[in-house]
Each structure stands twice: as structure tokens, then as C-alpha cells.
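To start, the structure under review is shown below, and the notes come after it.
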Amino acid sequence: AFLPVLPVKLSPSATLPSISVSYRWQGATGRVIEQEVTSVLEGMFSKIRGVKKISSTSSDNSGSIQIEFDKSVDFDAVRFEVASYIRQAYPAFPDMVSYPSMRVNRPDNENRKPLLTYTLNAPASPYYIKKYAEAVVKPLLISIKGISEINVYGSTPMEWVLIYNADKLRSLKINTSIIQTAL
């Protein structure tokens, strides 16, 4: 009786629908990323109905979370819920944490090509333009139904260069290792 309504595919997929969330924090250790970002997001994602498995990796400078769902879930709804949890948690993260990017993996949807590419120009440094794009533009676009992934490219993290007076340091009996330790 059910045979006519069963889906038939040439090569059926054995993988479950999933969402990968990744983020960067330049200069942070894996332990700090786990405590400050990964564990917070995992706790929020575990509340989503239909979650089959959550796994994560926290390493130096970056982290990622993989969430697998039952095949029966409304995938657009859970994608929106994941994006909402990210938007809710992001303001509490330390300033150097990038806005988490989502990557959707639907076994049925193998042809993924970028639909649009935006270029932001402003009278500011690339670092601040990227920070604005991640904090303002990306959350607005990711909440639109049908958008599965948004990537922000084009900037390197802020870098501080310290220049010191070697003679002054010698007179104060301070060496560069003391400065590095203090920073």
C-alpha cells in the first residue's frame, strides 16, 4: 500500500541533514574558546527539537560545532532556530570572536552556488568594515528564509605593534620578556 508514495532515488543519501557552525577568535587557546563560545552554543543548540547528535571541536584560534538532525524535521525551521540562537548569544561573546557562520548540509541539495556577492565600501579600515558586516549585515541576511550560508571575506584581525625605547628599558632594568609577560 505504501509503495507508490515511497521516494525513489538513483543514489539515495545515507547522511542526515546537518548544520555546521564555525567561528574564529584570533589568539585564543582551544580551552578558552571551549569555555567562552563552544559550550555556550552547544547548550543552546541542544534545546532544538529533532537534534540527533552534536559534536564540536575547539582548537587554538577557532572552533566548530556540527549538529545532525532527524530526517523528519522541518529543516528551514531548525536552520532559523540555529540562526536565532547564534544571534542571541553573539553579543555576550568577547569582542574578538567572529560572528559564527552557518553551513547547511542537506543530502538532497548538492548543487550549491553563491546567489549574490556583496562588496562593502566605507571610509574605514577593512577590519572595521568586516566587523560591521559580521555584526549587522550578516545576522539580517541569514534570517531570510532560503539562505543557508553567508561568508564574510576580506580582512585580517587587528594587529598591535609596540615600539619601545631600548635605552629607557635598560635604565629602568626592564627587558622585553617582562613586557611580553605583562601583555
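Letters A, B, ... mark the chains of the C-alpha cells in the order given; residue numbers begin at 1 per chain; ligand numbers begin at 1, in order shown.
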Mind running segment 111-142 of chain A against segment 146-151 of chain A at 8 Å and telling me each contacting residue's nearest atom pair with the distance in Å (one decimal), counting only C-alpha atoms, chain and number ascending, as JSON lines?
{"residue": "A:Lys138", "atom": "CA", "partner": "A:Ile150", "partner_atom": "CA", "distance": 6.8}
{"residue": "A:Leu141", "atom": "CA", "partner": "A:Ile147", "partner_atom": "CA", "distance": 7.6}
{"residue": "A:Ile142", "atom": "CA", "partner": "A:Ile147", "partner_atom": "CA", "distance": 6.0}
File of the preceding selection, all heavy atoms, as a short mmCIF file (atom, residue, chain, number, x, y, z; two decimals), in the first residue's frame:
data_model
loop_
_atom_site.label_atom_id
_atom_site.label_comp_id
_atom_site.auth_asym_id
_atom_site.auth_seq_id
_atom_site.Cartn_x
_atom_site.Cartn_y
_atom_site.Cartn_z
N LYS A 138 25.34 40.47 8.30
CA LYS A 138 25.22 39.00 8.27
C LYS A 138 24.01 38.50 9.06
O LYS A 138 23.25 37.66 8.55
CB LYS A 138 26.52 38.37 8.77
CG LYS A 138 26.58 36.88 8.60
CD LYS A 138 27.94 36.36 8.98
CE LYS A 138 28.03 34.87 8.76
NZ LYS A 138 29.39 34.37 9.04
N LEU A 141 20.81 39.09 6.98
CA LEU A 141 20.68 38.26 5.78
C LEU A 141 20.45 36.79 6.11
O LEU A 141 19.68 36.11 5.43
CB LEU A 141 21.92 38.41 4.90
CG LEU A 141 22.12 39.77 4.25
CD1 LEU A 141 23.44 39.82 3.49
CD2 LEU A 141 20.97 40.12 3.33
N ILE A 142 21.10 36.27 7.16
CA ILE A 142 20.97 34.84 7.49
C ILE A 142 19.58 34.50 7.98
O ILE A 142 19.14 33.35 7.90
CB ILE A 142 22.06 34.39 8.49
CG1 ILE A 142 22.26 32.86 8.46
CG2 ILE A 142 21.72 34.80 9.90
CD1 ILE A 142 22.95 32.37 7.27
#
Excluding segment 49-55 of chain A and any residue of its chain fewer than 4 positions from it, enumerate the residues within 7 Å of it, using only C-alpha atoms, and give them as a PyMOL selection string.
chain A and resi 65-70+73
For the selection just defined, write its residues with C-alpha atoms to a file, as a JSON list (two decimals), in the first residue's frame.
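Saved to part27.json:
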[["chain", "number", "residue", "atom", "x", "y", "z"],
["A", 65, "ILE", "CA", 30.02, 22.65, 16.05],
["A", 66, "GLN", "CA", 28.26, 20.03, 13.91],
["A", 67, "ILE", "CA", 24.56, 19.41, 14.56],
["A", 68, "GLU", "CA", 22.83, 16.42, 12.94],
["A", 69, "PHE", "CA", 19.03, 16.28, 12.74],
["A", 70, "ASP", "CA", 16.36, 13.64, 12.22],
["A", 73, "VAL", "CA", 12.50, 17.78, 10.92]]
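Proximity to Val40 of chain A at 12 Å, evaluated using only C-alpha atoms and with sequence-adjacent residues fewer than 6 positions away removed, yields A:Val32, A:Ile33, A:Glu34, A:Ser46, A:Lys47, A:Ser56, A:Ile65, A:Tyr85, A:Ile86, A:Gln88, A:Ala89, A:Tyr90, A:Ala92, A:Phe93.
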If you keep all heavy atoms, can you produce a file of those selected residues as an mmCIF file, in the first residue's frame?
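Ended up saving to again.cif:
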data_model
loop_
_atom_site.group_PDB
_atom_site.id
_atom_site.type_symbol
_atom_site.label_atom_id
_atom_site.label_comp_id
_atom_site.auth_asym_id
_atom_site.auth_seq_id
_atom_site.Cartn_x
_atom_site.Cartn_y
_atom_site.Cartn_z
ATOM 1 N N VAL A 32 40.026 28.159 26.118
ATOM 2 C CA VAL A 32 39.253 29.394 26.294
ATOM 3 C C VAL A 32 38.080 29.427 25.321
ATOM 4 O O VAL A 32 36.958 29.783 25.697
ATOM 5 C CB VAL A 32 40.164 30.635 26.114
ATOM 6 C CG1 VAL A 32 39.353 31.911 26.085
ATOM 7 C CG2 VAL A 32 41.197 30.688 27.228
ATOM 8 N N ILE A 33 38.309 29.044 24.067
ATOM 9 C CA ILE A 33 37.228 29.010 23.076
ATOM 10 C C ILE A 33 36.145 28.035 23.519
ATOM 11 O O ILE A 33 34.949 28.321 23.404
ATOM 12 C CB ILE A 33 37.777 28.667 21.680
ATOM 13 C CG1 ILE A 33 38.606 29.841 21.156
ATOM 14 C CG2 ILE A 33 36.650 28.339 20.712
ATOM 15 C CD1 ILE A 33 39.301 29.597 19.844
ATOM 16 N N GLU A 34 36.545 26.888 24.053
ATOM 17 C CA GLU A 34 35.569 25.896 24.546
ATOM 18 C C GLU A 34 34.704 26.492 25.660
ATOM 19 O O GLU A 34 33.484 26.354 25.653
ATOM 20 C CB GLU A 34 36.305 24.650 25.056
ATOM 21 C CG GLU A 34 35.425 23.634 25.738
ATOM 22 C CD GLU A 34 34.438 22.956 24.812
ATOM 23 O OE1 GLU A 34 34.743 22.795 23.619
ATOM 24 O OE2 GLU A 34 33.346 22.584 25.288
ATOM 25 N N SER A 46 21.344 22.294 21.944
ATOM 26 C CA SER A 46 20.789 21.035 22.459
ATOM 27 C C SER A 46 19.293 21.145 22.764
ATOM 28 O O SER A 46 18.616 20.129 22.899
ATOM 29 C CB SER A 46 21.562 20.581 23.698
ATOM 30 O OG SER A 46 21.332 21.490 24.763
ATOM 31 N N LYS A 47 18.759 22.362 22.841
ATOM 32 C CA LYS A 47 17.339 22.567 23.109
ATOM 33 C C LYS A 47 16.464 22.409 21.862
ATOM 34 O O LYS A 47 15.250 22.352 21.963
ATOM 35 C CB LYS A 47 17.107 23.977 23.681
ATOM 36 C CG LYS A 47 17.820 24.252 24.968
ATOM 37 C CD LYS A 47 17.637 25.710 25.351
ATOM 38 C CE LYS A 47 18.557 26.114 26.482
ATOM 39 N NZ LYS A 47 18.462 27.542 26.767
ATOM 40 N N SER A 56 31.601 18.774 18.569
ATOM 41 C CA SER A 56 32.301 20.050 18.434
ATOM 42 C C SER A 56 33.803 19.860 18.494
ATOM 43 O O SER A 56 34.297 18.847 18.987
ATOM 44 C CB SER A 56 31.860 21.012 19.532
ATOM 45 O OG SER A 56 32.257 20.529 20.796
ATOM 46 N N ILE A 65 31.024 23.546 15.492
ATOM 47 C CA ILE A 65 30.020 22.651 16.054
ATOM 48 C C ILE A 65 29.255 22.036 14.882
ATOM 49 O O ILE A 65 28.868 22.753 13.960
ATOM 50 C CB ILE A 65 29.040 23.410 16.981
ATOM 51 C CG1 ILE A 65 29.798 24.081 18.128
ATOM 52 C CG2 ILE A 65 27.958 22.476 17.508
ATOM 53 C CD1 ILE A 65 28.950 25.017 18.961
ATOM 54 N N TYR A 85 19.545 31.420 17.778
ATOM 55 C CA TYR A 85 20.393 31.184 18.949
ATOM 56 C C TYR A 85 21.756 31.862 18.783
ATOM 57 O O TYR A 85 22.308 32.411 19.736
ATOM 58 C CB TYR A 85 20.572 29.687 19.201
ATOM 59 C CG TYR A 85 19.416 29.050 19.929
ATOM 60 C CD1 TYR A 85 18.860 27.860 19.488
ATOM 61 C CD2 TYR A 85 18.879 29.625 21.077
ATOM 62 C CE1 TYR A 85 17.798 27.270 20.156
ATOM 63 C CE2 TYR A 85 17.827 29.038 21.753
ATOM 64 C CZ TYR A 85 17.290 27.858 21.285
ATOM 65 O OH TYR A 85 16.242 27.284 21.956
ATOM 66 N N ILE A 86 22.306 31.826 17.582
ATOM 67 C CA ILE A 86 23.591 32.488 17.328
ATOM 68 C C ILE A 86 23.449 33.994 17.547
ATOM 69 O O ILE A 86 24.265 34.617 18.218
ATOM 70 C CB ILE A 86 24.097 32.186 15.898
ATOM 71 C CG1 ILE A 86 24.515 30.714 15.782
ATOM 72 C CG2 ILE A 86 25.266 33.102 15.523
ATOM 73 C CD1 ILE A 86 24.811 30.271 14.362
ATOM 74 N N GLN A 88 21.302 35.517 19.350
ATOM 75 C CA GLN A 88 21.057 35.772 20.774
ATOM 76 C C GLN A 88 22.348 35.697 21.591
ATOM 77 O O GLN A 88 22.570 36.499 22.498
ATOM 78 C CB GLN A 88 20.054 34.735 21.279
ATOM 79 C CG GLN A 88 19.652 34.848 22.705
ATOM 80 C CD GLN A 88 18.677 33.727 23.087
ATOM 81 O OE1 GLN A 88 18.106 33.051 22.250
ATOM 82 N NE2 GLN A 88 18.512 33.526 24.369
ATOM 83 N N ALA A 89 23.229 34.752 21.269
ATOM 84 C CA ALA A 89 24.444 34.533 22.056
ATOM 85 C C ALA A 89 25.585 35.478 21.691
ATOM 86 O O ALA A 89 26.396 35.827 22.553
ATOM 87 C CB ALA A 89 24.916 33.087 21.882
ATOM 88 N N TYR A 90 25.658 35.910 20.435
ATOM 89 C CA TYR A 90 26.815 36.664 19.950
ATOM 90 C C TYR A 90 27.146 37.913 20.762
ATOM 91 O O TYR A 90 28.319 38.157 21.039
ATOM 92 C CB TYR A 90 26.636 37.010 18.466
ATOM 93 C CG TYR A 90 27.825 37.719 17.887
ATOM 94 C CD1 TYR A 90 29.038 37.052 17.702
ATOM 95 C CD2 TYR A 90 27.765 39.064 17.552
ATOM 96 C CE1 TYR A 90 30.140 37.700 17.183
ATOM 97 C CE2 TYR A 90 28.866 39.723 17.038
ATOM 98 C CZ TYR A 90 30.048 39.033 16.853
ATOM 99 O OH TYR A 90 31.143 39.684 16.351
ATOM 100 N N ALA A 92 27.110 38.487 23.809
ATOM 101 C CA ALA A 92 27.768 38.157 25.078
ATOM 102 C C ALA A 92 29.182 37.599 24.879
ATOM 103 O O ALA A 92 29.924 37.447 25.844
ATOM 104 C CB ALA A 92 26.927 37.149 25.853
ATOM 105 N N PHE A 93 29.567 37.304 23.628
ATOM 106 C CA PHE A 93 30.890 36.763 23.367
ATOM 107 C C PHE A 93 31.937 37.875 23.466
ATOM 108 O O PHE A 93 31.631 39.042 23.251
ATOM 109 C CB PHE A 93 30.974 36.140 21.971
ATOM 110 C CG PHE A 93 30.161 34.876 21.811
ATOM 111 C CD1 PHE A 93 29.757 34.466 20.554
ATOM 112 C CD2 PHE A 93 29.800 34.093 22.894
ATOM 113 C CE1 PHE A 93 29.017 33.314 20.383
ATOM 114 C CE2 PHE A 93 29.059 32.945 22.737
ATOM 115 C CZ PHE A 93 28.671 32.552 21.484
#
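Within segment 33-150 of chain A, residues classed as strand (DSSP E) by DSSP on backbone coordinates are Val51, Lys52, Lys53, Ile54, Ser55, Ser56, Thr57, Ser58, Ser59, Ser62, Gly63, Ser64, Ile65, Gln66, Ile67, Glu68, Phe69, Ser101, Met102, Arg103, Val104 and Asn105 of chain A.
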Nearby residues (only C-alpha atoms) at most 7 Å from segment 16-23 of chain A, same-chain spacing under 2 positions excluded, as a ChimeraX atom specification
/A:14,25,62-71,97-107
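Atom CA of Thr38 of chain A is positioned 8.1 Å from atom CA of Thr57 of chain A.
Taking atom CA of Glu81 of chain A and atom CA of Met44 of chain A as the two end points, the separation is 9.9 Å.
In the backbone-derived DSSP annotation, helix (DSSP H, G or I) within segment 50-106 of chain A comprises A:Phe75, A:Asp76, A:Ala77, A:Val78, A:Arg79, A:Phe80, A:Glu81, A:Val82, A:Ala83, A:Ser84, A:Tyr85, A:Ile86, A:Arg87, A:Gln88, A:Ala89, A:Tyr90, A:Pro91, A:Ala92.
Considering the residues A:Ala77, A:Ala28, A:Leu116, A:Val37 and counting only C-alpha atoms, Asp60 of chain A has its shortest atom-to-atom contact with A:Ala28.
Among the candidates A:Leu120, A:Ile144, A:Leu115, A:Ala133, the one nearest to Ala83 of chain A when counting only C-alpha atoms is A:Ile144.
The list of residues with at least one atom within 10 Å of Tyr153 of chain A, based on only C-alpha atoms and without residues fewer than 3 positions apart in the same chain, reads Thr119, Pro126, Lys130, Ala133, Glu134, Ile150 and Thr156 of chain A.
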Pull C-alpha atoms from the residues just selected and write them as a compact mmCIF listing (two decimals), in the first residue's frame.
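Generated output (result.txt):
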# COMPACT_ATOMS: atom_id res chain seq x y z
CA THR A 119 31.03 44.37 -1.68
CA PRO A 126 38.94 46.75 6.36
CA LYS A 130 34.32 43.35 8.30
CA ALA A 133 29.36 43.21 8.22
CA GLU A 134 29.56 40.35 10.73
CA ILE A 150 26.87 33.65 4.37
CA THR A 156 42.71 40.29 8.75
Contacts of Pro91 of chain A within 9 Å, only C-alpha atoms, excl. fewer than 4 positions in-chain, as an NGL selection string:
:A and (87 or 95 or 135)
Go ahead and save the residues from that selection, with all heavy atoms, as a PDB file, in the first residue's frame.
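Written file, result38.pdb:
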ATOM      1  N   ARG A  87      22.387  34.569  16.977  1.00  0.00           N
ATOM      2  CA  ARG A  87      22.142  36.000  17.112  1.00  0.00           C
ATOM      3  C   ARG A  87      21.952  36.394  18.578  1.00  0.00           C
ATOM      4  O   ARG A  87      22.390  37.436  19.025  1.00  0.00           O
ATOM      5  CB  ARG A  87      20.902  36.373  16.286  1.00  0.00           C
ATOM      6  CG  ARG A  87      20.872  37.768  15.814  1.00  0.00           C
ATOM      7  CD  ARG A  87      19.782  38.089  14.801  1.00  0.00           C
ATOM      8  NE  ARG A  87      18.557  37.334  14.865  1.00  0.00           N
ATOM      9  CZ  ARG A  87      18.238  36.323  14.056  1.00  0.00           C
ATOM     10  NH1 ARG A  87      19.072  35.945  13.124  1.00  0.00           N
ATOM     11  NH2 ARG A  87      17.093  35.702  14.180  1.00  0.00           N
ATOM     12  N   ASP A  95      34.883  40.412  22.378  1.00  0.00           N
ATOM     13  CA  ASP A  95      34.919  41.238  21.167  1.00  0.00           C
ATOM     14  C   ASP A  95      35.660  40.612  19.993  1.00  0.00           C
ATOM     15  O   ASP A  95      35.304  40.849  18.847  1.00  0.00           O
ATOM     16  CB  ASP A  95      35.568  42.598  21.470  1.00  0.00           C
ATOM     17  CG  ASP A  95      34.656  43.469  22.310  1.00  0.00           C
ATOM     18  OD1 ASP A  95      33.435  43.219  22.330  1.00  0.00           O
ATOM     19  OD2 ASP A  95      35.168  44.406  22.950  1.00  0.00           O
ATOM     20  N   ALA A 135      28.559  41.846  12.370  1.00  0.00           N
ATOM     21  CA  ALA A 135      27.665  42.183  13.481  1.00  0.00           C
ATOM     22  C   ALA A 135      26.294  42.672  13.019  1.00  0.00           C
ATOM     23  O   ALA A 135      25.303  42.459  13.710  1.00  0.00           O
ATOM     24  CB  ALA A 135      28.312  43.245  14.369  1.00  0.00           C
TER      25      ALA A 135
END
Would you pick out the contacts of Gln26 of chain A at 7 Å or less, using only C-alpha atoms, so that residues sharing its chain but fewer than 2 positions from it are not included, and give the list as a PyMOL selection string?
chain A and resi 24+28+61+96
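Atom CA of Ser143 of chain A is positioned 13.6 Å from atom CA of Phe75 of chain A.
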